[in-house]
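> My structure is in start04.csv, and what it holds is CSV, C-alpha atoms and all ligand atoms:
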chain,number,residue,atom,x,y,z
A,1480,MET,CA,-17.3,8.6,76.6
A,1481,LYS,CA,-13.9,10.0,75.7
A,1482,GLU,CA,-13.3,13.5,76.9
A,1483,THR,CA,-10.1,15.4,76.3
A,1484,VAL,CA,-9.0,18.5,78.2
A,1485,ALA,CA,-6.2,20.9,77.3
A,1486,ILE,CA,-5.0,24.2,78.8
A,1487,ALA,CA,-3.2,27.1,77.1
A,1488,HIS,CA,-2.0,30.5,78.2
A,1489,PRO,CA,-2.6,33.9,76.7
A,1490,ASN,CA,0.3,35.7,75.1
A,1491,PHE,CA,0.9,39.5,75.0
A,1492,ALA,CA,2.5,41.0,71.9
A,1493,LEU,CA,5.6,43.2,72.3
A,1494,VAL,CA,5.6,43.8,68.5
A,1495,LYS,CA,2.0,43.7,67.6
A,1496,TYR,CA,-0.3,42.3,64.9
A,1497,TRP,CA,-3.0,44.9,63.9
A,1498,GLY,CA,-4.2,44.4,60.4
A,1499,LYS,CA,-4.8,41.5,58.0
A,1500,LYS,CA,-3.3,40.6,54.7
A,1501,ASP,CA,-6.2,38.3,53.9
A,1502,SER,CA,-9.5,38.3,55.9
A,1503,ASN,CA,-10.7,35.0,54.4
A,1504,GLN,CA,-7.7,33.0,55.6
A,1505,ASN,CA,-7.3,35.4,58.6
A,1506,ARG,CA,-3.7,36.0,57.8
A,1507,PRO,CA,-1.8,38.9,59.6
A,1508,ALA,CA,-0.2,41.5,57.4
A,1509,MET,CA,2.9,41.7,59.6
A,1510,SER,CA,5.2,39.6,61.9
A,1511,SER,CA,4.8,39.8,65.6
A,1512,ILE,CA,6.6,38.9,68.8
A,1513,SER,CA,5.0,37.9,72.1
A,1514,VAL,CA,5.5,36.7,75.5
A,1515,THR,CA,3.3,33.8,76.9
A,1516,VAL,CA,2.1,34.3,80.5
A,1517,ASP,CA,1.7,31.6,83.1
A,1518,SER,CA,-1.1,32.3,85.7
A,1519,MET,CA,-3.8,33.0,83.2
A,1520,ILE,CA,-5.4,29.9,81.7
A,1521,SER,CA,-7.9,28.8,79.1
A,1522,LYS,CA,-9.1,25.3,79.8
A,1523,THR,CA,-11.0,23.5,76.9
A,1524,LYS,CA,-12.8,20.2,77.1
A,1525,ILE,CA,-14.0,18.4,74.0
A,1526,PHE,CA,-16.2,15.4,73.5
A,1527,LYS,CA,-18.6,13.9,70.9
A,1528,ASN,CA,-22.0,15.6,70.8
A,1529,ILE,CA,-24.6,12.9,71.1
A,1530,GLN,CA,-27.4,15.3,71.8
A,1531,SER,CA,-27.5,17.2,68.6
A,1532,ASN,CA,-26.2,17.2,65.0
A,1533,HIS,CA,-24.2,20.4,65.1
A,1534,HIS,CA,-21.1,21.6,67.0
A,1535,GLN,CA,-21.8,23.4,70.3
A,1536,LEU,CA,-19.5,25.9,71.9
A,1537,PHE,CA,-19.8,26.9,75.6
A,1538,ILE,CA,-17.6,29.7,77.0
A,1539,ASN,CA,-17.6,30.0,80.7
A,1540,GLY,CA,-20.7,27.9,80.8
A,1541,LYS,CA,-22.8,29.9,78.4
A,1542,GLU,CA,-23.6,28.6,74.9
A,1543,GLU,CA,-22.3,30.8,72.1
A,1544,SER,CA,-24.3,31.3,69.0
A,1545,ASP,CA,-21.3,32.8,67.1
A,1546,LEU,CA,-19.0,29.9,66.0
A,1547,SER,CA,-17.1,32.0,63.5
A,1548,LYS,CA,-13.8,31.7,65.3
A,1549,ILE,CA,-14.0,28.0,66.2
A,1550,LEU,CA,-15.4,26.5,63.0
A,1551,PRO,CA,-12.5,27.3,60.6
A,1552,PRO,CA,-9.9,25.6,62.8
A,1553,LEU,CA,-12.3,22.7,63.4
A,1554,GLU,CA,-13.0,22.2,59.7
A,1555,TYR,CA,-9.2,22.4,59.0
A,1556,LEU,CA,-8.4,19.8,61.7
A,1557,SER,CA,-11.2,17.5,60.6
A,1558,GLU,CA,-9.3,17.0,57.3
A,1559,PHE,CA,-6.6,15.3,59.4
A,1560,SER,CA,-8.9,13.3,61.7
A,1561,GLY,CA,-11.2,12.3,58.9
A,1562,THR,CA,-14.2,12.4,61.2
A,1563,ASP,CA,-17.5,14.1,60.7
A,1564,GLU,CA,-18.4,13.8,64.4
A,1565,TYR,CA,-20.1,16.8,66.0
A,1566,LEU,CA,-18.4,18.1,69.1
A,1567,VAL,CA,-19.3,19.8,72.3
A,1568,ILE,CA,-16.5,22.3,73.1
A,1569,GLU,CA,-16.5,23.7,76.7
A,1570,SER,CA,-14.0,26.4,77.3
A,1571,GLN,CA,-13.3,28.4,80.5
A,1572,ASN,CA,-11.0,31.3,81.3
A,1573,ASN,CA,-9.8,32.1,84.7
A,1574,PHE,CA,-9.6,35.8,83.6
A,1575,PRO,CA,-12.0,38.3,82.0
A,1576,THR,CA,-13.0,37.2,78.4
A,1577,SER,CA,-13.0,39.5,75.3
A,1578,SER,CA,-11.5,42.5,77.1
A,1579,GLY,CA,-8.0,42.8,75.7
A,1580,LEU,CA,-6.5,39.9,77.6
A,1581,ALA,CA,-5.9,37.6,74.6
A,1582,SER,CA,-8.7,35.1,75.5
A,1583,SER,CA,-9.1,34.2,71.8
A,1584,ALA,CA,-5.5,33.2,71.5
A,1585,SER,CA,-5.4,30.9,74.6
A,1586,GLY,CA,-9.0,29.6,73.9
A,1587,ILE,CA,-8.1,28.6,70.3
A,1588,ALA,CA,-4.7,27.2,71.2
A,1589,SER,CA,-6.3,25.1,73.9
A,1590,PHE,CA,-8.9,23.8,71.5
A,1591,VAL,CA,-6.4,22.9,68.8
A,1592,THR,CA,-4.3,21.1,71.5
A,1593,ALA,CA,-7.3,19.2,72.8
A,1594,TYR,CA,-8.4,18.2,69.3
A,1595,GLU,CA,-5.0,16.9,68.3
A,1596,ALA,CA,-4.9,14.7,71.4
A,1597,HIS,CA,-8.5,13.6,71.2
A,1598,TYR,CA,-8.0,12.2,67.7
A,1599,ASN,CA,-4.3,11.1,68.2
A,1600,LEU,CA,-3.2,13.3,65.3
A,1601,CYS,CA,0.5,14.1,66.0
A,1602,LEU,CA,0.4,17.2,63.9
A,1603,ASP,CA,3.6,19.2,63.2
A,1604,ILE,CA,3.8,22.7,64.5
A,1605,ASN,CA,3.1,24.3,61.1
A,1606,HIS,CA,-0.2,22.5,60.8
A,1607,LYS,CA,-1.1,23.6,64.4
A,1608,VAL,CA,-0.1,27.2,63.5
A,1609,GLU,CA,-2.3,27.0,60.4
A,1610,ALA,CA,-5.3,25.6,62.3
A,1611,SER,CA,-4.9,28.2,65.2
A,1612,MET,CA,-4.5,31.2,62.8
A,1613,LEU,CA,-7.8,30.4,61.1
A,1614,GLY,CA,-9.4,31.0,64.5
A,1615,SER,CA,-7.4,34.0,65.7
A,1616,GLY,CA,-4.3,35.6,64.2
A,1617,SER,CA,-2.6,35.8,67.6
A,1618,ALA,CA,-3.4,32.2,68.7
A,1619,PRO,CA,-0.4,30.4,67.0
A,1620,ARG,CA,1.8,32.3,69.4
A,1621,SER,CA,0.1,30.6,72.4
A,1622,LEU,CA,1.2,27.2,71.0
A,1623,ILE,CA,4.7,28.0,72.3
A,1624,GLY,CA,6.0,29.1,75.7
A,1625,GLY,CA,8.4,31.9,76.5
A,1626,PHE,CA,9.2,34.6,74.0
A,1627,VAL,CA,7.7,33.8,70.5
A,1628,PHE,CA,8.3,35.1,67.0
A,1629,MET,CA,5.7,34.7,64.3
A,1630,ASP,CA,7.3,35.4,61.0
A,1631,HIS,CA,4.8,36.5,58.3
A,1632,LYS,CA,7.6,36.3,55.6
A,1633,ASP,CA,8.1,32.6,56.3
A,1634,ASN,CA,4.6,31.4,56.1
A,1635,TYR,CA,3.8,32.5,59.7
A,1636,ARG,CA,6.3,30.1,61.1
A,1637,CYS,CA,6.3,30.4,64.9
A,1638,SER,CA,9.6,29.9,66.8
A,1639,GLN,CA,10.7,30.3,70.3
A,1640,ILE,CA,13.2,33.1,70.9
A,1641,LEU,CA,13.8,32.3,74.6
A,1642,LYS,CA,12.4,29.5,76.8
A,1643,GLU,CA,10.4,30.6,79.8
A,1644,PRO,CA,13.1,30.0,82.4
A,1645,GLU,CA,15.8,31.8,80.3
A,1646,TRP,CA,14.6,35.3,81.2
A,1647,PRO,CA,12.5,35.0,84.3
A,1648,LEU,CA,10.6,38.3,84.2
A,1649,ASP,CA,7.3,39.0,85.9
A,1650,VAL,CA,4.1,40.2,84.1
A,1651,LEU,CA,1.7,42.4,86.1
A,1652,ILE,CA,-1.7,42.6,84.4
A,1653,CYS,CA,-3.5,45.7,85.6
A,1654,ILE,CA,-7.2,45.2,85.1
A,1655,ALA,CA,-8.8,48.5,84.4
A,1656,SER,CA,-12.2,47.0,83.4
A,1657,LYS,CA,-13.7,43.6,83.1
A,1658,GLU,CA,-16.3,44.7,80.5
A,1659,PRO,CA,-16.1,43.0,77.0
A,1660,LYS,CA,-14.7,45.4,74.4
A,1661,LYS,CA,-17.2,47.3,72.3
A,1662,ILE,CA,-15.3,47.0,69.0
A,1663,SER,CA,-13.8,43.6,68.3
A,1664,SER,CA,-10.2,43.4,67.2
A,1665,ARG,CA,-11.5,42.1,63.8
A,1666,GLU,CA,-13.7,45.1,63.2
A,1667,GLY,CA,-11.0,47.5,64.4
A,1668,MET,CA,-8.4,46.0,62.2
A,1669,ARG,CA,-10.7,46.2,59.2
A,1670,ALA,CA,-11.3,49.9,59.9
A,1671,SER,CA,-7.6,50.7,60.4
A,1672,LYS,CA,-6.6,49.0,57.2
A,1673,LYS,CA,-9.2,50.8,55.2
A,1674,THR,CA,-9.0,54.3,56.7
A,1675,SER,CA,-6.0,55.1,58.9
A,1676,PRO,CA,-3.6,57.4,57.0
A,1677,ILE,CA,-0.7,56.0,58.9
A,1678,TYR,CA,-1.5,52.3,58.3
A,1679,GLN,CA,1.2,52.0,55.6
A,1680,ASP,CA,3.8,53.5,58.0
A,1681,TRP,CA,2.7,50.9,60.5
A,1682,LEU,CA,3.3,48.1,58.0
A,1683,ASP,CA,6.6,49.7,56.9
A,1684,ILE,CA,8.1,49.9,60.4
A,1685,ASN,CA,7.2,46.3,61.3
A,1686,HIS,CA,10.5,44.8,60.0
A,1687,LYS,CA,12.6,47.3,62.0
A,1688,HIS,CA,10.7,46.7,65.2
A,1689,ILE,CA,11.0,42.9,64.8
A,1690,ASP,CA,14.7,43.1,64.4
A,1691,LEU,CA,15.1,45.4,67.4
A,1692,ALA,CA,12.9,43.3,69.6
A,1693,LEU,CA,14.6,40.0,68.5
A,1694,ASN,CA,17.9,41.4,69.4
A,1695,ALA,CA,16.7,42.9,72.7
A,1696,ILE,CA,15.2,39.6,73.8
A,1697,LYS,CA,18.2,37.4,72.7
A,1698,THR,CA,20.5,39.7,74.7
A,1699,LYS,CA,18.0,40.1,77.6
A,1700,ASN,CA,18.3,43.9,77.3
A,1701,MET,CA,15.4,45.3,79.2
A,1702,ALA,CA,16.1,49.0,78.2
A,1703,ALA,CA,16.2,48.1,74.5
A,1704,LEU,CA,13.0,46.0,74.7
A,1705,GLU,CA,11.3,48.8,76.6
A,1706,ASN,CA,12.1,51.3,73.8
A,1707,VAL,CA,10.9,49.1,70.9
A,1708,ALA,CA,7.8,47.6,72.7
A,1709,GLU,CA,6.5,50.9,73.9
A,1710,GLU,CA,7.1,52.6,70.5
A,1711,ASN,CA,5.3,49.8,68.8
A,1712,CYS,CA,2.4,49.9,71.2
A,1713,LYS,CA,2.0,53.7,70.9
A,1714,LEU,CA,2.1,53.5,67.1
A,1715,MET,CA,-0.6,50.7,67.1
A,1716,HIS,CA,-2.8,52.9,69.3
A,1717,GLU,CA,-2.2,55.9,67.0
A,1718,VAL,CA,-3.2,53.7,64.0
A,1719,MET,CA,-6.4,52.9,65.9
A,1720,LYS,CA,-7.0,56.5,66.8
A,1721,THR,CA,-6.6,57.8,63.3
A,1722,SER,CA,-9.0,55.2,61.9
A,1723,ILE,CA,-12.5,56.2,60.9
A,1724,PRO,CA,-14.4,55.8,63.1
A,1725,SER,CA,-11.7,56.6,65.6
A,1726,ILE,CA,-10.9,53.6,67.9
A,1727,SER,CA,-9.8,54.0,71.5
A,1728,TYR,CA,-9.5,51.1,73.9
A,1729,MET,CA,-7.9,53.1,76.7
A,1730,THR,CA,-9.7,54.7,79.6
A,1731,ASP,CA,-8.8,57.1,82.4
A,1732,VAL,CA,-7.7,54.2,84.5
A,1733,THR,CA,-5.3,53.1,81.7
A,1734,TYR,CA,-3.8,56.6,81.6
A,1735,SER,CA,-3.4,56.8,85.3
A,1736,CYS,CA,-1.5,53.5,85.2
A,1737,LEU,CA,0.8,54.9,82.5
A,1738,SER,CA,1.5,58.0,84.6
A,1739,GLU,CA,2.4,55.9,87.6
A,1740,ILE,CA,4.7,53.8,85.4
A,1741,GLU,CA,6.6,56.9,84.6
A,1742,ASN,CA,6.9,57.7,88.3
A,1743,LEU,CA,8.2,54.2,89.1
A,1744,ARG,CA,10.7,54.5,86.2
A,1745,SER,CA,12.0,57.7,87.6
A,1746,LEU,CA,12.6,55.9,90.9
A,1747,GLY,CA,14.8,53.5,89.0
A,1748,HIS,CA,12.5,50.5,88.5
A,1749,LYS,CA,13.1,48.5,85.3
A,1750,LEU,CA,9.8,47.9,83.6
A,1751,LEU,CA,8.0,48.2,80.3
A,1752,TYR,CA,4.4,48.4,79.5
A,1753,THR,CA,2.1,47.3,76.7
A,1754,ILE,CA,-1.6,47.7,76.0
A,1755,ASP,CA,-3.7,45.7,73.5
A,1756,ALA,CA,-7.3,46.0,72.3
A,1757,GLY,CA,-8.7,46.8,75.7
A,1758,PRO,CA,-8.0,49.2,78.6
A,1759,GLN,CA,-5.7,46.8,80.6
A,1760,VAL,CA,-2.1,47.7,81.1
A,1761,LYS,CA,0.5,44.8,81.1
A,1762,ILE,CA,3.7,45.6,82.9
A,1763,ILE,CA,6.8,43.4,82.3
A,1764,CYS,CA,9.4,43.9,85.0
A,1765,ASP,CA,12.2,42.4,87.0
A,1766,PRO,CA,10.7,40.2,89.8
A,1767,THR,CA,12.6,42.2,92.4
A,1768,SER,CA,10.4,45.2,91.6
A,1769,SER,CA,7.0,43.4,91.3
A,1770,GLU,CA,5.7,44.0,94.8
A,1771,ILE,CA,6.6,47.7,94.9
A,1772,ILE,CA,5.1,48.2,91.4
A,1773,LYS,CA,1.9,46.4,92.3
A,1774,ASN,CA,1.4,48.3,95.6
A,1775,ARG,CA,2.0,51.6,93.9
A,1776,ILE,CA,-0.4,51.0,91.1
A,1777,ILE,CA,-3.1,49.8,93.5
A,1778,GLU,CA,-2.6,52.8,95.8
A,1779,THR,CA,-2.5,55.5,93.1
A,1780,THR,CA,-5.0,54.3,90.5
A,1781,ASP,CA,-8.5,52.8,90.3
A,1782,VAL,CA,-7.5,49.4,88.9
A,1783,ILE,CA,-9.9,46.6,89.8
A,1784,ASP,CA,-7.2,44.0,90.2
A,1785,ILE,CA,-3.7,43.1,89.3
A,1786,ILE,CA,-2.9,39.6,88.1
A,1787,HIS,CA,0.7,38.6,89.0
A,1788,ALA,CA,2.1,36.2,86.4
A,1789,GLY,CA,5.4,34.9,85.2
A,1790,ILE,CA,6.5,33.8,81.8
A,1791,GLY,CA,4.4,30.8,80.7
A,1792,GLY,CA,4.9,27.5,78.9
A,1793,PRO,CA,3.2,25.8,76.0
A,1794,PRO,CA,-0.3,24.2,76.1
A,1795,GLU,CA,-0.7,20.9,78.0
A,1796,ILE,CA,-3.2,18.1,78.0
A,1797,ILE,CA,-4.6,17.5,81.5
A,1798,ASN,CA,-6.4,14.5,82.8
A,1799,GLU,CA,-9.5,15.3,84.8
A,1800,SER,CA,-10.9,12.4,86.8
B,1,LIG,C1,-1.7,41.2,69.1
B,1,LIG,N1,-4.1,41.9,69.1
B,1,LIG,O1,-0.7,41.0,68.4
B,1,LIG,C2,-2.7,42.2,68.8
B,1,LIG,C3,-2.4,43.5,69.5
B,1,LIG,C4,-4.7,43.0,69.8
B,1,LIG,C5,-3.8,44.1,69.8
B,1,LIG,O2,-4.0,40.0,68.0
B,1,LIG,O3,-9.2,38.8,64.2
B,1,LIG,O4,-8.1,38.1,68.6
B,1,LIG,O5,-9.1,36.8,65.7
B,1,LIG,O6,-7.1,37.4,64.3
B,1,LIG,O7,-5.9,37.7,67.3
B,1,LIG,C6,-6.1,40.5,68.9
B,1,LIG,O8,-6.7,40.1,67.8
B,1,LIG,O9,-7.8,38.9,66.2
B,1,LIG,C7,-4.7,40.8,68.6
B,1,LIG,P1,-8.3,37.9,65.0
B,1,LIG,P2,-7.1,38.5,67.5
B,1,LIG,O10,-1.8,40.4,70.1
Would you write out, as structure tokens, the structure that this file holds?


Amino acid sequence: MKETVAIAHPNFALVKYWGKKDSNQNRPAMSSISVTVDSMISKTKIFKNIQSNHHQLFINGKEESDLSKILPPLEYLSEFSGTDEYLVIESQNNFPTSSGLASSASGIASFVTAYEAHYNLCLDINHKVEASMLGSGSAPRSLIGGFVFMDHKDNYRCSQILKEPEWPLDVLICIASKEPKKISSREGMRASKKTSPIYQDWLDINHKHIDLALNAIKTKNMAALENVAEENCKLMHEVMKTSIPSISYMTDVTYSCLSEIENLRSLGHKLLYTIDAGPQVKIICDPTSSEIIKNRIIETTDVIDIIHAGIGGPPEIINES
């Protein structure tokens, strides 16, 4: 029986998406910019389900009862394949799932890539963006390697700002906890849009942050990228905090990483941090500083682990024999 396997990498936003324009179509209310990382992988295998007459999704070997993220992309793509086959979808992550490490983005991007190849569809990027976005608003960015811009003013067009080898930075993912998050991004975004008094300010500043980050990336200006990415990150977490109920994904371990980052900066290391919907701290730095930064964070904080990644590429089909 035909099986198709694809891999995709997570991406971390430097200008973030937090809030939807339209929940039904899962459309972000703002543009975003991200970096795709290489060592973290979602691997998704699909094949025809001959055992039952419904789709089945397994994540890390466990069958999921909630198919709400996978069915919308699947239904969208089945318009192109013209098939009403039921599928088994087996997805595995080599990193903690649902804990602020963008497993939805890489999981959905790997599924869309596998589906396209399984049915020989040759979709253009805009259709793959549309399919991925129906599953997760950050997933289209994982369809592309390097630094990626998702433009909400141009129908969510996703484009590459720099290819992965063009600015060879390292990404250190400091794992503060492997527990799944208690409030999903979806619930959190809903609460922020409805209740945060600074949600409108967050929307209003998006355009400025996008311009600053685009310019910083194109000119490979680490200091300028640090300023805009950290300001954007702090503002998103302030939007979360001022929501009702107040949302906080950070823990004491997160804060101790931030304090060590300031120490490292005062020693002259070039680095920036970002934090998403989870307690993990992602550090982007010059590769010459990676080992020192890693050792210092391990020595001075209670992080469980640090994943050492580089800038990643687009999804790939892999043959498993
Ligand atoms: C981002 N995050 O831009 C932001 C920053 C988390 C914080 O996109 O509801 O899993 O499936 O569209 O994409 C995480 O949210 O949410 C996210 P849905 P998603 O990376």

> Please produce, as a tab-separated table, a per-residue contact table for segment 1506-1550 of chain A versus segment 1685-1700 of chain A (criterion: any atom at most 12 Å away, only C-alpha atoms considered), showing the nearest atom pair and its distance in Å to one decimal, sorted by chain then residue number.


residue	atom	partner	partner_atom	distance
A:Pro1507	CA	A:Asn1685	CA	11.8
A:Ala1508	CA	A:Asn1685	CA	9.6
A:Met1509	CA	A:Asn1685	CA	6.5
A:Ser1510	CA	A:Asn1685	CA	7.0
A:Ser1511	CA	A:Ile1689	CA	7.0
A:Ile1512	CA	A:Ile1689	CA	7.2
A:Ser1513	CA	A:Ala1692	CA	9.9
A:Val1514	CA	A:Ile1696	CA	10.3

> Store the residues of this selection in a file with C-alpha atoms, as a short mmCIF file (atom, residue, chain, number, x, y, z; two decimals), in the coordinates of the input.


data_model
loop_
_atom_site.label_atom_id
_atom_site.label_comp_id
_atom_site.auth_asym_id
_atom_site.auth_seq_id
_atom_site.Cartn_x
_atom_site.Cartn_y
_atom_site.Cartn_z
CA PRO A 1507 -1.80 38.90 59.60
CA ALA A 1508 -0.20 41.50 57.40
CA MET A 1509 2.90 41.70 59.60
CA SER A 1510 5.20 39.60 61.90
CA SER A 1511 4.80 39.80 65.60
CA ILE A 1512 6.60 38.90 68.80
CA SER A 1513 5.00 37.90 72.10
CA VAL A 1514 5.50 36.70 75.50
#

> May I have the residues within 6 Å of ligand LIG 1 (chain B), computed using only C-alpha atoms and all ligand atoms, as JSON, numbers by chain?

{"A": [1491, 1492, 1495, 1496, 1497, 1583, 1614, 1615, 1616, 1617, 1664, 1665, 1755, 1756]}

> Which one of A:Thr1753, A:Asn1798, A:Ser1727, A:Thr1562 sits closest to Lys1660 of chain A if you count only C-alpha atoms?

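Ranked by minimum distance to Lys1660 of chain A, first place goes to A:Ser1727.
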
> Rounded to one decimal, what separation in Å do you get between atom CA of Ser1675 of chain A and atom CA of Val1707 of chain A?

21.6 Å

> Taking 4 positions as the minimum chain separation for residues in the same chain, which residues sit within 12 Å of Glu1645 of chain A when counting all atoms listed in the file? Answer as a PyMOL selection string.

chain A and resi 1624-1626+1639-1641+1696-1699+1789-1792

> Rounded to one decimal place, report the atom CA of Ser1671 of chain A-atom CA of Lys1720 of chain A distance in Å.

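These atoms are spaced 8.7 Å apart.
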
> Do you know which residues lie at most 8 Å from (1.3, 46.2, 56.9), with coordinates as in the file and all atoms listed in the file counted, and could you write them as an NGL selection string?

:A and (1498-1500 or 1508-1509 or 1678-1683 or 1685)

> Please determine, counting only C-alpha atoms, which residue among A:Glu1717, A:Asn1742, A:Glu1595, A:Gly1757 has the shortest atom-to-atom distance to Ile1771 of chain A.

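Once distances to Ile1771 of chain A are computed over only C-alpha atoms, the minimum belongs to A:Asn1742.
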
> Ranking A:Tyr1598, A:Phe1559, A:Phe1574, A:Tyr1752 by minimum distance to Ile1525 of chain A and counting all atoms listed in the file, which one comes first?

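Of all the options, A:Tyr1598 lies closest to Ile1525 of chain A.
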